[in-house]
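Have a look at the structure below before the remarks.
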Amino acid sequence: MKYRILLFFLCGYLVVTSCENDESKVRQMLNKRVGVEEADSVTINYTTGGKIKAVLTSPLMLRVQDTVSLIEFPQSLQVIFYNEGGVAESKLSALYGKYREYRDEVFLKDSVRVINFLKGDTLMTEELYWDRSRTGREFYTNKPVRIRTKTQILDGIGMEASQDFKNYHILESTGILDLPASALPQ
């Protein structure tokens, strides 16, 4: 009986003293997300009928495979949109983006900018959605917006705009400031 007790304590001592985890490896395992694919320095070309429609670039893309799959751009993204002739029409940028595949919808937030190269208009907002099924008004938000044209600054709450940003509608205007182009802030 004495030997059994001694053997039990000896085994317990060996188990306790021989188990050691490298703290950094444990932390790394805990931080690793299951079902997440990661890609660095991403460039994605979107084409229709062999013609370039848009080029998306981002320093980091995460594809999350969960009950609902989505694609995240947690470190910023930029998209250049092209017209039928292959000419760049507009540019979109944001510090964060999420593409919900099941809804075919893009959510953008943090310093969102859309610039129409042909007209020179710029949209600034903190949140913006893009939905391909809303033909002619693909961009929309219910948040405060500012649109800067060559001669005006338009402020409002909520907005709808075409993908090329040629046409837009502010839902609730809160102010229009007419200025000569030389007086507009850069």
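Every chain in the structure tokens takes a letter, A first, then B, and so on in the order presented; its residues are numbered from 1, and the ligands are numbered from 1 following the presented order.
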For range 43-109 of chain A against range 114-124 of chain A, with a cut-off of 8 Å and counting only C-alpha atoms, what is the closest atom pair and its distance in Å to one decimal for every residue that makes the cut, ordered by chain and number, as JSON lines?
{"residue": "A:Ala88", "atom": "CA", "partner": "A:Phe117", "partner_atom": "CA", "distance": 7.4}
{"residue": "A:Glu89", "atom": "CA", "partner": "A:Phe117", "partner_atom": "CA", "distance": 5.4}
{"residue": "A:Ser90", "atom": "CA", "partner": "A:Asn116", "partner_atom": "CA", "distance": 4.4}
{"residue": "A:Lys91", "atom": "CA", "partner": "A:Ile115", "partner_atom": "CA", "distance": 5.2}
{"residue": "A:Leu92", "atom": "CA", "partner": "A:Val114", "partner_atom": "CA", "distance": 4.4}
{"residue": "A:Ser93", "atom": "CA", "partner": "A:Val114", "partner_atom": "CA", "distance": 6.6}
Could you take the residues named above and write them with C-alpha atoms, as a PDB file, in the first residue's frame?
ATOM      1  CA  ALA A  88     -11.529  54.885 -65.597  1.00  0.00           C
ATOM      2  CA  GLU A  89     -14.684  56.734 -64.506  1.00  0.00           C
ATOM      3  CA  SER A  90     -14.603  56.696 -60.744  1.00  0.00           C
ATOM      4  CA  LYS A  91     -12.618  55.606 -57.725  1.00  0.00           C
ATOM      5  CA  LEU A  92     -13.866  54.323 -54.388  1.00  0.00           C
ATOM      6  CA  SER A  93     -11.729  54.038 -51.253  1.00  0.00           C
TER       7      SER A  93
END
**OP:** List the neighbours of Gly50 in chain A out to 12 Å using only C-alpha atoms; skip same-chain residues closer than 4 positions along the sequence, and give me the result as JSON, numbers by chain.
**Re:** {"A": [45, 46, 54, 84, 85, 86]}
Original post:
So which residues touch Lys98 in chain A within 8 Å, counting only C-alpha atoms, skipping near sequence neighbours fewer than 2 positions away, as a list in words?
Top reply: Leu70, Ile71, Glu72, Phe73, Tyr96, Arg100, Val106, Phe107 and Leu108 of chain A
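Atom pair CA of Leu56 in chain A / CA of Ile170 in chain A: separated by 26.4 Å.
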All residues 9 Å or closer to Val68 in chain A, only C-alpha atoms, same chain fewer than 3 positions away omitted, as a PDB file with N, CA and C atoms, in the first residue's frame:
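Saved file around_22.pdb follows:
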ATOM      1  N   VAL A  64     -13.862  34.591 -44.895  1.00  0.00           N
ATOM      2  CA  VAL A  64     -14.362  33.918 -43.698  1.00  0.00           C
ATOM      3  C   VAL A  64     -15.413  32.893 -44.110  1.00  0.00           C
ATOM      4  N   GLN A  65     -15.127  31.627 -43.836  1.00  0.00           N
ATOM      5  CA  GLN A  65     -16.055  30.535 -44.116  1.00  0.00           C
ATOM      6  C   GLN A  65     -16.725  30.153 -42.803  1.00  0.00           C
ATOM      7  N   ARG A 100     -20.672  40.684 -48.418  1.00  0.00           N
ATOM      8  CA  ARG A 100     -21.552  39.611 -47.969  1.00  0.00           C
ATOM      9  C   ARG A 100     -22.021  38.848 -49.202  1.00  0.00           C
ATOM     10  N   GLU A 101     -21.423  37.684 -49.418  1.00  0.00           N
ATOM     11  CA  GLU A 101     -21.684  36.918 -50.636  1.00  0.00           C
ATOM     12  C   GLU A 101     -23.148  36.511 -50.780  1.00  0.00           C
ATOM     13  N   TYR A 102     -23.771  36.115 -49.696  1.00  0.00           N
ATOM     14  CA  TYR A 102     -25.154  35.645 -49.756  1.00  0.00           C
ATOM     15  C   TYR A 102     -26.126  36.748 -50.135  1.00  0.00           C
TER      16      TYR A 102
END
**OP:** Skip Gln75 in chain A itself and residues of its chain fewer than 3 positions away, then list as a VMD selection string all residues within 12 Å of it, counting only C-alpha atoms.
**Re:** chain A and resid 39 to 42 57 to 62 72 78 93 to 98 108 to 110
Go ahead and save the picked residues with C-alpha atoms, as a compact mmCIF listing (two decimals), in the first residue's frame.
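Contents of again_14.txt, as written:
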# COMPACT_ATOMS: atom_id res chain seq x y z
CA ALA A 39 -4.34 36.95 -48.76
CA ASP A 40 -1.85 39.83 -48.78
CA SER A 41 -1.42 42.55 -51.45
CA VAL A 42 -4.59 41.64 -53.33
CA THR A 57 -6.71 46.50 -54.56
CA SER A 58 -6.18 45.90 -50.85
CA PRO A 59 -3.24 45.13 -48.57
CA LEU A 60 -5.18 42.34 -46.81
CA MET A 61 -8.20 40.21 -47.70
CA LEU A 62 -9.85 37.69 -45.38
CA GLU A 72 -13.36 41.29 -45.39
CA GLN A 78 -9.59 50.87 -53.34
CA SER A 93 -11.73 54.04 -51.25
CA ALA A 94 -12.41 53.09 -47.64
CA LEU A 95 -10.46 51.97 -44.60
CA TYR A 96 -12.71 48.90 -44.14
CA GLY A 97 -14.90 46.81 -46.41
CA LYS A 98 -17.00 43.67 -46.17
CA LEU A 108 -17.84 50.14 -46.55
CA LYS A 109 -16.93 52.25 -43.55
CA ASP A 110 -14.34 54.66 -42.21
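For the pair CA of Leu77 in chain A and CA of Tyr99 in chain A, the separation is 11.7 Å.
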**OP:** Run DSSP on the backbone and give me the residues of range 45-181 of chain A it puts in strand (DSSP E), as a VMD selection string.
**Re:** chain A and resid 45 to 48 51 to 64 70 to 73 77 to 82 88 to 94 96 to 100 105 to 116 122 to 131 139 to 148 152 to 161 168 to 178
Subject >> Which residue of A:Arg146, A:Lys53, A:Arg103, A:Arg63 approaches Phe81 in chain A most closely, using only C-alpha atoms >> reply: A:Lys53
